[in-house]
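> As input, take my_file-v7.cif (mmCIF, C-alpha atoms):
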data_coords
loop_
_atom_site.group_PDB
_atom_site.id
_atom_site.type_symbol
_atom_site.label_atom_id
_atom_site.label_comp_id
_atom_site.auth_asym_id
_atom_site.auth_seq_id
_atom_site.Cartn_x
_atom_site.Cartn_y
_atom_site.Cartn_z
ATOM 1 C CA MET A 1 0.000 0.000 0.000
ATOM 2 C CA ALA A 2 1.376 3.392 -1.003
ATOM 3 C CA THR A 3 1.817 6.288 1.391
ATOM 4 C CA SER A 4 -1.149 8.567 2.034
ATOM 5 C CA GLY A 5 -1.695 11.655 4.114
ATOM 6 C CA THR A 6 -3.600 14.814 4.870
ATOM 7 C CA TYR A 7 -2.331 18.389 4.845
ATOM 8 C CA VAL A 8 -4.291 21.154 6.589
ATOM 9 C CA SER A 9 -3.574 24.869 6.369
ATOM 10 C CA GLU A 10 -5.432 28.037 7.315
ATOM 11 C CA VAL A 11 -5.106 31.288 5.396
ATOM 12 C CA PRO A 12 -6.359 34.504 7.041
ATOM 13 C CA LEU A 13 -8.441 36.637 4.668
ATOM 14 C CA LYS A 14 -10.428 39.867 4.801
ATOM 15 C CA GLY A 15 -14.061 40.526 3.994
ATOM 16 C CA SER A 16 -16.968 38.166 3.620
ATOM 17 C CA ALA A 17 -16.774 34.371 3.653
ATOM 18 C CA GLU A 18 -19.741 34.358 1.263
ATOM 19 C CA LYS A 19 -17.912 36.506 -1.327
ATOM 20 C CA HIS A 20 -14.801 34.331 -1.201
ATOM 21 C CA TYR A 21 -16.893 31.174 -1.386
ATOM 22 C CA LYS A 22 -18.842 32.496 -4.381
ATOM 23 C CA ARG A 23 -15.594 33.228 -6.239
ATOM 24 C CA TRP A 24 -14.297 29.691 -5.655
ATOM 25 C CA LYS A 25 -17.677 28.035 -6.239
ATOM 26 C CA SER A 26 -18.878 29.670 -9.430
ATOM 27 C CA GLU A 27 -16.481 32.343 -10.703
ATOM 28 C CA ASN A 28 -13.387 30.323 -11.593
ATOM 29 C CA HIS A 29 -13.364 31.903 -15.050
ATOM 30 C CA HIS A 30 -12.047 35.095 -13.339
ATOM 31 C CA PHE A 31 -8.952 33.335 -11.962
ATOM 32 C CA PRO A 32 -6.660 33.869 -14.992
ATOM 33 C CA ASP A 33 -7.258 37.652 -14.814
ATOM 34 C CA ALA A 34 -6.931 37.771 -11.027
ATOM 35 C CA ILE A 35 -4.046 35.365 -10.397
ATOM 36 C CA GLY A 36 -2.607 34.719 -13.858
ATOM 37 C CA HIS A 37 0.811 33.936 -12.399
ATOM 38 C CA HIS A 38 -0.810 30.749 -11.013
ATOM 39 C CA ILE A 39 -3.787 30.058 -13.307
ATOM 40 C CA GLN A 40 -3.578 30.549 -17.067
ATOM 41 C CA GLY A 41 -6.970 29.083 -17.955
ATOM 42 C CA VAL A 42 -10.072 27.327 -16.640
ATOM 43 C CA THR A 43 -12.433 25.506 -18.982
ATOM 44 C CA LEU A 44 -15.820 24.097 -18.097
ATOM 45 C CA HIS A 45 -15.860 20.521 -19.430
ATOM 46 C CA GLU A 46 -19.214 19.299 -18.065
ATOM 47 C CA GLY A 47 -22.069 20.840 -16.067
ATOM 48 C CA ASP A 48 -22.415 24.497 -15.052
ATOM 49 C CA TRP A 49 -19.848 26.782 -13.424
ATOM 50 C CA ASP A 50 -21.588 26.501 -10.055
ATOM 51 C CA SER A 51 -23.112 23.016 -10.228
ATOM 52 C CA HIS A 52 -22.306 20.107 -7.953
ATOM 53 C CA GLY A 53 -20.492 17.450 -10.001
ATOM 54 C CA SER A 54 -19.270 19.845 -12.688
ATOM 55 C CA ILE A 55 -15.957 19.008 -14.332
ATOM 56 C CA LYS A 56 -13.340 21.689 -15.021
ATOM 57 C CA ILE A 57 -9.938 21.647 -16.666
ATOM 58 C CA TRP A 58 -7.289 23.972 -15.239
ATOM 59 C CA ASN A 59 -4.098 25.206 -16.908
ATOM 60 C CA TYR A 60 -1.737 26.366 -14.174
ATOM 61 C CA THR A 61 1.888 26.787 -13.179
ATOM 62 C CA CYS A 62 3.432 24.765 -10.358
ATOM 63 C CA ASP A 63 7.101 25.079 -9.456
ATOM 64 C CA GLY A 64 7.613 27.113 -12.642
ATOM 65 C CA LYS A 65 6.227 24.382 -14.914
ATOM 66 C CA PRO A 66 2.964 24.530 -16.897
ATOM 67 C CA GLU A 67 0.573 21.757 -15.901
ATOM 68 C CA VAL A 68 -3.004 20.635 -16.553
ATOM 69 C CA PHE A 69 -5.548 19.336 -14.020
ATOM 70 C CA LYS A 70 -9.014 17.875 -14.566
ATOM 71 C CA GLU A 71 -11.313 17.915 -11.537
ATOM 72 C CA ARG A 72 -14.823 17.099 -10.420
ATOM 73 C CA ARG A 73 -16.390 19.715 -8.160
ATOM 74 C CA GLU A 74 -18.382 19.055 -4.979
ATOM 75 C CA ILE A 75 -20.333 21.976 -3.537
ATOM 76 C CA ASP A 76 -21.318 22.408 0.132
ATOM 77 C CA ASP A 77 -23.297 25.668 0.399
ATOM 78 C CA GLU A 78 -24.153 25.092 4.061
ATOM 79 C CA ASN A 79 -20.456 25.101 5.071
ATOM 80 C CA ASN A 80 -19.129 27.521 2.389
ATOM 81 C CA ALA A 81 -16.915 24.711 1.104
ATOM 82 C CA VAL A 82 -15.782 23.487 -2.302
ATOM 83 C CA THR A 83 -14.107 20.092 -2.733
ATOM 84 C CA VAL A 84 -11.986 19.446 -5.786
ATOM 85 C CA ARG A 85 -11.506 15.765 -6.688
ATOM 86 C CA GLY A 86 -8.633 15.011 -9.023
ATOM 87 C CA LEU A 87 -9.542 13.020 -12.133
ATOM 88 C CA GLU A 88 -6.640 13.461 -14.588
ATOM 89 C CA GLY A 89 -3.594 15.585 -15.247
ATOM 90 C CA HIS A 90 -0.067 16.063 -13.982
ATOM 91 C CA VAL A 91 -0.859 15.702 -10.280
ATOM 92 C CA MET A 92 -2.662 12.408 -10.948
ATOM 93 C CA GLU A 93 0.457 10.920 -12.571
ATOM 94 C CA THR A 94 1.987 10.469 -9.111
ATOM 95 C CA LEU A 95 -1.155 10.371 -6.958
ATOM 96 C CA LYS A 96 -3.951 7.818 -6.827
ATOM 97 C CA LEU A 97 -6.110 10.154 -4.699
ATOM 98 C CA TYR A 98 -6.169 13.963 -4.636
ATOM 99 C CA ASP A 99 -9.061 15.692 -2.846
ATOM 100 C CA THR A 100 -8.764 19.293 -1.720
ATOM 101 C CA THR A 101 -11.464 21.049 0.289
ATOM 102 C CA ILE A 102 -11.442 24.837 0.491
ATOM 103 C CA GLN A 103 -13.740 26.142 3.244
ATOM 104 C CA PHE A 104 -14.369 29.791 4.108
ATOM 105 C CA ILE A 105 -15.165 30.471 7.777
ATOM 106 C CA GLN A 106 -16.284 33.908 9.029
ATOM 107 C CA LYS A 107 -14.346 34.694 12.252
ATOM 108 C CA SER A 108 -15.574 38.271 12.758
ATOM 109 C CA PRO A 109 -17.417 40.824 10.600
ATOM 110 C CA ASP A 110 -14.176 41.741 8.789
ATOM 111 C CA ASP A 111 -12.019 38.634 9.120
ATOM 112 C CA ILE A 112 -12.324 35.144 7.741
ATOM 113 C CA VAL A 113 -10.119 32.117 7.486
ATOM 114 C CA CYS A 114 -9.842 29.740 4.590
ATOM 115 C CA LYS A 115 -9.258 26.206 5.805
ATOM 116 C CA ILE A 116 -7.572 24.080 3.153
ATOM 117 C CA THR A 117 -7.615 20.302 3.622
ATOM 118 C CA MET A 118 -5.761 18.146 1.110
ATOM 119 C CA VAL A 119 -6.177 14.362 1.283
ATOM 120 C CA TRP A 120 -3.822 12.371 -0.930
ATOM 121 C CA GLU A 121 -2.481 8.918 -1.675
ATOM 122 C CA LYS A 122 0.646 8.270 -3.708
ATOM 123 C CA ARG A 123 0.599 5.778 -6.590
ATOM 124 C CA THR A 124 3.879 4.275 -5.388
ATOM 125 C CA ASP A 125 6.060 4.756 -2.335
ATOM 126 C CA ASP A 126 8.659 6.350 -4.646
ATOM 127 C CA SER A 127 6.257 9.096 -5.747
ATOM 128 C CA PRO A 128 6.870 12.498 -4.134
ATOM 129 C CA GLU A 129 4.463 13.867 -1.543
ATOM 130 C CA PRO A 130 2.301 16.633 -3.032
ATOM 131 C CA ILE A 131 3.519 19.448 -0.748
ATOM 132 C CA ASN A 132 4.151 21.601 -3.836
ATOM 133 C CA TYR A 133 0.433 21.387 -4.705
ATOM 134 C CA MET A 134 -0.543 22.348 -1.150
ATOM 135 C CA LYS A 135 1.759 25.370 -1.414
ATOM 136 C CA LEU A 136 0.166 26.263 -4.779
ATOM 137 C CA VAL A 137 -3.411 26.123 -3.432
ATOM 138 C CA THR A 138 -2.436 28.070 -0.295
ATOM 139 C CA SER A 139 -0.774 30.741 -2.431
ATOM 140 C CA MET A 140 -3.791 30.917 -4.779
ATOM 141 C CA VAL A 141 -6.151 31.495 -1.838
ATOM 142 C CA ALA A 142 -3.927 34.207 -0.363
ATOM 143 C CA ASP A 143 -3.360 35.939 -3.719
ATOM 144 C CA MET A 144 -7.099 35.904 -4.519
ATOM 145 C CA ASP A 145 -7.886 37.880 -1.317
ATOM 146 C CA ASN A 146 -7.373 41.357 -2.802
ATOM 147 C CA HIS A 147 -9.234 40.451 -5.988
ATOM 148 C CA VAL A 148 -12.301 39.287 -4.032
ATOM 149 C CA LEU A 149 -12.288 42.493 -1.952
ATOM 150 C CA LYS A 150 -12.368 44.602 -5.143
ATOM 151 C CA ALA A 151 -15.245 42.596 -6.661
#
Reformat the file's structure so that it appears as structure tokens.


Amino acid sequence: MATSGTYVSEVPLKGSAEKHYKRWKSENHHFPDAIGHHIQGVTLHEGDWDSHGSIKIWNYTCDGKPEVFKERREIDDENNAVTVRGLEGHVMETLKLYDTTIQFIQKSPDDIVCKITMVWEKRTDDSPEPINYMKLVTSMVADMDNHVLKA
């Protein structure tokens, strides 16, 4: 059995949990304009932008290299959470399981935290742990903060 694990990180943000959640739930098409140094394109492959079970294809940069990622989206409106389940792409070459949940939690009227939980399982014990992908998602959340505040 290959190695598996869970990473958890919290990113402090400003503003409304609902606004941040809306951006991550249904406005991914804005990501290339907002954080183009991370995301170069997002294409809707199946479903609607904000529908549970929709499939999206992301073109992004990780560790300076262009990569592609195909994901199925799970929506949890009650908890302001979006779960991304890896289907295909660069990350899935070394991982058998890649699920990342991004949850926005209102701490006070002006402050929120984004809790990022990444659950993963490597294809083989020789595969690298996906810490670079956790760093990418954490950086995307932090960099999106100012863009959400302006929206």

> Which residues fall under the PyMOL selection byres ((chain A and resi 114) around 7) in this file, as a list of chain:residue names?

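Output of the PyMOL selection byres ((chain A and resi 114) around 7): A:Glu10, A:Val11, A:Pro12, A:Ile102, A:Gln103, A:Phe104, A:Ile105, A:Ile112, A:Val113, A:Lys115, A:Ile116.
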
> Which of these residues is nearest to Glu71 (chain A), using all atoms listed in the file: A:Leu13, A:Val42, A:Ile55, A:Leu95?

A:Ile55

> With a distance cut-off of 9 Å and all atoms listed in the file, select the neighbouring residues of Lys56 (chain A), excluding the residue or stretch itself and same-chain residues fewer than 2 positions from it, and output the selection as a list in words.

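My list of contacting residues is Val42, Thr43, Leu44, His45, Glu46, Gly47, Trp49, Ser54, Trp58, Phe69, Lys70, Glu71, Arg72 and Arg73 of chain A.
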
> Could you spell out the hits of the PyMOL selection byres ((chain A and resi 88-94) around 7) on the shown file, as a list in words?

Glu67, Val68, Phe69, Lys70, Gly86, Leu87, Leu95, Lys96, Lys122, Arg123 and Ser127 of chain A

> Any idea what the distance is between CA of Asn28 (chain A) and CA of Met144 (chain A)?

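Taking CA of Asn28 (chain A) and CA of Met144 (chain A), their separation equals 11.0 Å.
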
> Between CA of Ser51 (chain A) and CA of Tyr7 (chain A), what distance in Å does the model show, to one decimal?

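Rounded to one decimal, the two atoms are 26.1 Å apart.
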
> State, in Å with one decimal place, the distance from CA of Val8 (chain A) to CA of Gln40 (chain A).

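Between these atoms lies a distance of 25.5 Å.
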
> Check what the PyMOL selection byres ((chain A and resi 129) around 12) selects in the file above and give those residues as an NGL selection string.

:A and (2-7 or 91-92 or 94-98 or 118-128 or 130-135)

> Could you list, as a list in words, every residue within 10 Å of Ile75 (chain A), counting all atoms listed in the file and ignoring same-chain residues fewer than 2 positions away?

Lys25, Ser26, Asp50, Ser51, His52, Gly53, Ser54, Arg73, Asp77, Glu78, Asn79, Asn80, Ala81, Val82, Thr83, Val84 and Thr101 of chain A

> Take region 112-123 of chain A from the block and save it with N, CA and C atoms, as an mmCIF file, in the first residue's frame.


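Final file, part25.cif:
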data_model
loop_
_atom_site.group_PDB
_atom_site.id
_atom_site.type_symbol
_atom_site.label_atom_id
_atom_site.label_comp_id
_atom_site.auth_asym_id
_atom_site.auth_seq_id
_atom_site.Cartn_x
_atom_site.Cartn_y
_atom_site.Cartn_z
ATOM 1 N N ILE A 112 -11.961 36.533 7.991
ATOM 2 C CA ILE A 112 -12.324 35.144 7.741
ATOM 3 C C ILE A 112 -11.051 34.317 7.676
ATOM 4 N N VAL A 113 -11.234 33.026 7.694
ATOM 5 C CA VAL A 113 -10.119 32.117 7.486
ATOM 6 C C VAL A 113 -10.549 31.130 6.409
ATOM 7 N N CYS A 114 -9.608 30.786 5.574
ATOM 8 C CA CYS A 114 -9.842 29.740 4.590
ATOM 9 C C CYS A 114 -9.094 28.507 5.084
ATOM 10 N N LYS A 115 -9.855 27.462 5.376
ATOM 11 C CA LYS A 115 -9.258 26.206 5.805
ATOM 12 C C LYS A 115 -9.108 25.322 4.580
ATOM 13 N N ILE A 116 -7.878 24.931 4.303
ATOM 14 C CA ILE A 116 -7.572 24.080 3.153
ATOM 15 C C ILE A 116 -7.191 22.704 3.683
ATOM 16 N N THR A 117 -7.909 21.679 3.223
ATOM 17 C CA THR A 117 -7.615 20.302 3.622
ATOM 18 C C THR A 117 -7.351 19.495 2.363
ATOM 19 N N MET A 118 -6.147 18.950 2.269
ATOM 20 C CA MET A 118 -5.761 18.146 1.110
ATOM 21 C C MET A 118 -5.528 16.704 1.568
ATOM 22 N N VAL A 119 -6.315 15.786 1.005
ATOM 23 C CA VAL A 119 -6.177 14.362 1.283
ATOM 24 C C VAL A 119 -5.580 13.718 0.038
ATOM 25 N N TRP A 120 -4.533 12.928 0.220
ATOM 26 C CA TRP A 120 -3.822 12.371 -0.930
ATOM 27 C C TRP A 120 -3.330 10.955 -0.650
ATOM 28 N N GLU A 121 -3.128 10.223 -1.744
ATOM 29 C CA GLU A 121 -2.481 8.918 -1.675
ATOM 30 C C GLU A 121 -1.583 8.776 -2.889
ATOM 31 N N LYS A 122 -0.326 8.424 -2.630
ATOM 32 C CA LYS A 122 0.646 8.270 -3.708
ATOM 33 C C LYS A 122 0.388 6.973 -4.484
ATOM 34 N N ARG A 123 0.730 6.985 -5.767
ATOM 35 C CA ARG A 123 0.599 5.778 -6.590
ATOM 36 C C ARG A 123 1.608 4.720 -6.160
#
